[in-house]
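Trainee: Dumping the structure here so I can ask a few things about it.
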Amino acid sequence: MGKTGRTLGIAGIVIVVVLLIVYFSIKGTYNSLVQLDEGVKGAWAQVENQLQRRYDLIPNYVETVKGYAKQEREVFIRVTEARSKVGSANSIGDKINANNELSTALSRLLVVVERYPDLKSNQNFIRLQDELAGTENRIAVERRRYNEAVKTYNVKIRSFPTMLFAGMFGFSKAEFFEVPEAVKEAPKVTFG
């Protein structure tokens, strides 16, 4: 084998090594994106579990309050309409918006509850309110975990060199589950 043959052999080995490095780099990037994407989906599934729990509790809660506060019809209608939107939402964005609307409606319902001291001493109501409060706490925990997974995923797909491949492989930015402004403010309670 002559000098030219050896040079071609070395060049061939270098090309194969470079191609292997590129292959394993792309493979690693893709697999890490898949793993993070699945983490976001798993975190969202946990959020949905807690949102479903709240969705299921609300009719009993509303009916209990209705028995005491018949003149608060508008608040009950808003809660019912918001709950209906949650039930019909399909995309993550729609579900986030519908649940934010439901959170706003529930905060208005809590203002109504404050106007009825007898209601607040009813054992069924107390049990339902405790369950709802526990569920709201679980939602907050799962929302935080989901948002952490979204942050990690979004940082990865926007970082160089991953950003070069993310769009090519169909990975796009995930949506955060943020609390609506109306729920951030404490409800105003006024008595009669």
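Residues are referred to by chain and number: the chain letter is A, B, ... according to the order shown in the structure tokens, the number counts from 1 in that chain, and ligands are numbered separately from 1 in the order shown.
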Could you give me, as a PyMOL selection string, the residues within 12 Å of range 117-125 of chain A, counting only C-alpha atoms and dropping anything in the same chain fewer than 6 positions from it?
Mentor: chain A and resi 57-58+60-69+110-111+131-133+191
Trainee: Compile a residue-level contact table for range 18-137 of chain A against range 148-167 of chain A at a cut-off of 7 Å, reporting for every qualifying residue the shortest atom pair and its distance in Å to one decimal, with only C-alpha atoms counted, rows ordered by chain and ascending number, as CSV.
Mentor:
residue,atom,partner,partner_atom,distance
A:Thr29,CA,A:Thr162,CA,6.4
A:Leu36,CA,A:Tyr153,CA,5.4
A:Asp37,CA,A:Tyr153,CA,6.6
A:Gly39,CA,A:Ala149,CA,6.2
A:Val40,CA,A:Ala149,CA,5.2
A:Ala43,CA,A:Ala149,CA,7.0
Trainee: When distances are computed from only C-alpha atoms, which of A:Asp94, A:Glu74, A:Glu48, A:Ser88 shows the smallest separation from Leu109 in chain A?
Mentor: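 Answer, going by the shortest atom-to-atom distance: A:Glu74.
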Trainee: Do you have the CA of Ile77 in chain A-CA of Glu136 in chain A distance handy?
Mentor: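 Between CA of Ile77 in chain A and CA of Glu136 in chain A the gap works out to 20.9 Å.
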Trainee: I need the residues of chain A that end up classed as helix (DSSP H, G or I) by DSSP on the backbone, written out as a PyMOL selection string.
Mentor: chain A and resi 3-68+73-88+92-114+117-120+123-158+162-166+181-184
Trainee: Can you pull out every residue within 9 Å of Asn99 in chain A, counting only C-alpha atoms, but drop anything in the same chain fewer than 4 positions away, and send it as a PyMOL selection string?
Mentor: chain A and resi 51+82-83+85-86+94-95+103-104
Trainee: Using only C-alpha atoms, which of the listed residues (A:Ile92, A:Leu128, A:Ala174, A:Val113) sits closest to Ala45 in chain A?
Mentor: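 Of all the options, A:Ile92 lies closest to Ala45 in chain A.
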Trainee: So what do you get for CA of Met168 in chain A versus CA of Glu38 in chain A, distance-wise?
Mentor: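 Separating CA of Met168 in chain A from CA of Glu38 in chain A is a distance of 17.9 Å.
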Trainee: Which is closest to Arg78 in chain A among A:Ser107, A:Thr4, A:Asn97, A:Gln129, if we use only C-alpha atoms?
Mentor: A:Ser107
